[in-house]
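Please read the structure below before turning to the comments.
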Amino acid sequence: MNLPHFAAGKHPVMFLHVAPGGTDAAGCGTEEAPCSTLAAAVGTATPGTAVRIHAGTYEPEQISDVAGTAEAPIWIGGAPGEDRPVFVGGSPILHFSRLRHVVMHDLEIAHTLPSQDTPALIVDDGEAYADPTVTQFVAVERVSVRDVDTYAASAVRLAGVNDFWLLDSELVDMDAYNGLEIIGSHRGVVARNAVNGARVAGVVIGGGSSDVEIRNNRIFDVIGGYGVWLGTIVSPEAFRPPVAPGADIIEVQDVRVLGNLIVAPGAAVSFNGCVGCLVANNTIVFPNYSLLSFFPGSGGVGENPRVRATADNRFVNNITYYRRSDVGAKEYYPPSFPTLATNSLHTNLWYAADDPEASSPVGLPLTDYGSMAGIDPGFVDVAGGDYHLKPDSPAVSSGTPLAALSTDLDGACFDDPPSRGALQ
């Protein structure tokens, strides 16, 4: 299923070229006289321009103040029919600030030097926290970020970005703290991406972010951390938009985590300062630390009474296939806080392959209505990594109908009623 955005159906009418061996002399950008740096080409780009970066290796760059229009976006990416250009070096390797109606596509970012705790790719608002339009309508498509080293905060950070899309990209072979970090960003779609190797979270979101859909991604090997971390604690001074005096502070709101495959996380999901979020129809395989956690976030712990604690979240139609020997006594960390009871679980399937009778969640003070526990979900081939459901699986067409659902991990529409898990 396509995920159209502001540039759908639009095409460039002008072209600027960047290539190794080019020159940044005045007038550069033609095919015959390409620029040598992205900054030089983008500096002269007008609405409707495509900046074509030809195959080769490039050094880190910082780009700011790029503005297309709704009718004529600006495209920045690899040249059709060529290998993707590769940006290498320290961190950030690419840092984009203050963008409007810009599509970034077909790029490769290889993080090869110590990063000083910054991400490899940053898209942000240049700290213009109070202006929700300064970085707006941004799409990142078919971008590869790989080999991100231990020092990096994240492979990719989106901060203060509104109306955004991160599609069909890969954040792989990394040793960073997080795969994707979303701070103070709104109205976004994160879909069909591959994330593996993060230390803390595959995807982490906070800083006042809202209305973001994390859909149909493959998140692997977040050893000791979370597949998705909803509500990371960020200083209220860095929230976007700024928090009004006396107003409630919500770390993250209305995030929908739908139809993802999460394999070998420490834990699949942490609710940690989110309000009104939905985690549904995900397939979670072999968590190696705990199954699910509800923390209050920085609200409800006495430090800042204005911060709303985790509340009104739903965990629905998910399949969790695990080994009880991996999870053991470390299954849940649900501290008592006043709004814990407002969160709900419905029609999930829990299966401990090494001890089916011990499949039911232990110590969770929430009832999972309509759950299945100790019943094999009937994956096609667990050893081979095929988590589709066999025709006679008890998870087929046994979930709760949800208006938020659209497509499963294969891009097919869910049945009515839907199956449990991400793959039918």
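In the structure tokens, each chain is lettered A, B, ... as it comes, each chain's residues begin at 1, and ligands are numbered from 1 in order of appearance.
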
### Message
Which residues are near Gly208 of chain A? Cut-off 6 Å, only C-alpha atoms, ignore same chain within fewer than 6 positions. Put them as a list in words.
### Response
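Residues meeting the cut-off are Gly184, Phe239, Arg240, Ile250, Glu251 and Val252 of chain A.
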
Please dump the current selection as a CSV table (one decimal), in the first residue's frame; keep N, CA and C atoms.
chain,number,residue,atom,x,y,z
A,184,GLY,N,9.6,16.1,20.0
A,184,GLY,CA,8.8,17.3,19.7
A,184,GLY,C,8.3,17.4,18.3
A,239,PHE,N,10.6,21.1,24.7
A,239,PHE,CA,9.4,20.6,24.1
A,239,PHE,C,9.0,21.5,22.9
A,240,ARG,N,8.4,20.9,21.9
A,240,ARG,CA,7.8,21.6,20.8
A,240,ARG,C,6.4,21.2,20.7
A,250,ILE,N,2.7,16.9,28.5
A,250,ILE,CA,2.5,15.5,28.1
A,250,ILE,C,3.7,15.1,27.2
A,251,GLU,N,4.4,14.1,27.7
A,251,GLU,CA,5.7,13.8,27.0
A,251,GLU,C,5.4,13.2,25.6
A,252,VAL,N,4.4,12.4,25.4
A,252,VAL,CA,4.0,11.9,24.1
A,252,VAL,C,2.5,11.6,24.1

### Message
For segment 334-351 of chain A, find every residue with an atom within 6 Å (counting only C-alpha atoms), except residues of its own chain fewer than 5 positions away, and show them as number ranges by chain.
### Response
A: 294, 311-321, 359, 368-374, 399

### Message
When you look at Ser144 of chain A with a cut-off of 6 Å (counting only C-alpha atoms), what residues show up, excluding the ones that are within fewer than 3 positions of it in the same chain? I need them as a PyMOL selection string.
### Response
chain A and resi 108+169-170

### Query
When distances are computed from only C-alpha atoms, which of A:Leu107, A:Ile122, A:Ile182, A:Ala130 shows the smallest separation from Val243 of chain A?
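That would be A:Ala130, the residue with the smallest distance to Val243 of chain A.
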
### Nearby residues (only C-alpha atoms) at most 6 Å from Val161 of chain A, same-chain spacing under 5 positions excluded, as a list in words
Thr135, Gln136 and Ser185 of chain A

Output the selection as a tab-separated table (two decimals), in the first residue's frame - N, CA and C atoms for each residue.
chain	number	residue	atom	x	y	z
A	135	THR	N	10.18	23.79	10.17
A	135	THR	CA	10.55	22.53	9.51
A	135	THR	C	9.28	21.71	9.39
A	136	GLN	N	8.72	21.72	8.18
A	136	GLN	CA	7.39	21.15	7.98
A	136	GLN	C	7.29	20.57	6.57
A	185	SER	N	7.93	16.31	17.68
A	185	SER	CA	7.49	16.28	16.28
A	185	SER	C	6.05	15.79	16.20

### Task
Pull the strand (DSSP E) assignments for segment 284-319 of chain A out of DSSP run on the backbone, and list those residues as a PyMOL selection string.
chain A and resi 284-285+292-295+314-316+319

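Relative to atom CA of Ile74 of chain A, atom CA of Ala153 of chain A is found at 28.6 Å.
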
### Query
In terms of the shortest atom-to-atom distance over only C-alpha atoms, which of A:Pro287, A:Gly421, A:Gly273, A:Pro73 is closest to Met104 of chain A?
A:Pro73

### Task
List the neighbours of Pro80 of chain A out to 9 Å using only C-alpha atoms; skip same-chain residues closer than 5 positions along the sequence, and give me the result as number ranges by chain.
A: 52, 54, 106

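Take atom CA of Arg157 of chain A and atom CA of Val140 of chain A: the distance between them is 11.9 Å.
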
### Message
So, with only C-alpha atoms as the atoms that count, which of A:Ile219, A:Leu261, A:Val148, A:Val42 lies closest to Val88 of chain A?
### Response
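Under the stated criterion, the closest residue is A:Val148.
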
### Query
Could you write out, as a list in words, all the residues of segment 143-355 of chain A that DSSP marks as alpha helix (DSSP H)?
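Everything in segment 143-355 of chain A that counts as alpha helix (DSSP H) is Arg324, Ser325, Asp326 and Val327 of chain A.
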
#### Entry: Close residues, Pro92 of chain A itself excluded, 7 Å, only C-alpha atoms, min 3 positions apart in chain, as a ChimeraX atom specification
/A:95,118-122

### Task
Name the residues in contact with Asp83 of chain A at a cut-off of 9 Å, using only C-alpha atoms, excluding same-chain residues fewer than 2 positions from it; report them as a list in words.
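Skipping anything fewer than 2 positions along the chain leaves His54, Ala55, Gly56, Gly78, Ala79, Pro80, Gly81, Pro85, Val86 and Asp106 of chain A.
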
Just the selected residues (C-alpha atoms), exported as a PDB file, in the first residue's frame, please.
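The resulting again.pdb:
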ATOM      1  CA  HIS A  54      25.800  11.235  -8.269  1.00  0.00           C
ATOM      2  CA  ALA A  55      27.397   8.015  -7.045  1.00  0.00           C
ATOM      3  CA  GLY A  56      30.539   8.455  -4.996  1.00  0.00           C
ATOM      4  CA  GLY A  78      20.730  10.055  -5.489  1.00  0.00           C
ATOM      5  CA  ALA A  79      20.672  10.082  -9.262  1.00  0.00           C
ATOM      6  CA  PRO A  80      18.278   7.603 -10.908  1.00  0.00           C
ATOM      7  CA  GLY A  81      19.955   4.468 -12.215  1.00  0.00           C
ATOM      8  CA  PRO A  85      25.855   8.393  -2.922  1.00  0.00           C
ATOM      9  CA  VAL A  86      27.608   7.613   0.369  1.00  0.00           C
ATOM     10  CA  ASP A 106      18.159   7.378  -2.019  1.00  0.00           C
TER      11      ASP A 106
END

Closest atom pairs, residues of segment 102-209 of chain A within 12 Å of segment 4-19 of chain A, only C-alpha atoms, as CSV:
residue,atom,partner,partner_atom,distance
A:Val102,CA,A:Ala7,CA,8.4
A:Val103,CA,A:Ala7,CA,7.6
A:Met104,CA,A:Ala7,CA,11.1
A:Gln136,CA,A:Phe6,CA,10.6
A:Phe137,CA,A:Phe6,CA,6.9
A:Val138,CA,A:Phe6,CA,8.6
A:Ala139,CA,A:His5,CA,7.7
A:Val140,CA,A:His5,CA,10.8
A:Glu141,CA,A:His5,CA,11.1
A:Asp163,CA,A:His5,CA,9.0
A:Phe164,CA,A:His5,CA,8.5
A:Trp165,CA,A:His5,CA,7.6
A:Leu166,CA,A:His5,CA,10.7
A:Leu167,CA,A:Pro4,CA,10.5
A:Arg187,CA,A:His5,CA,11.7
A:Gly188,CA,A:His5,CA,10.4
A:Val189,CA,A:His5,CA,9.8
A:Ala191,CA,A:Pro4,CA,11.7

#### Entry: Atom-to-atom span, atom CA of Ala70 of chain A and atom CA of Pro47 of chain A, Å
9.1 Å
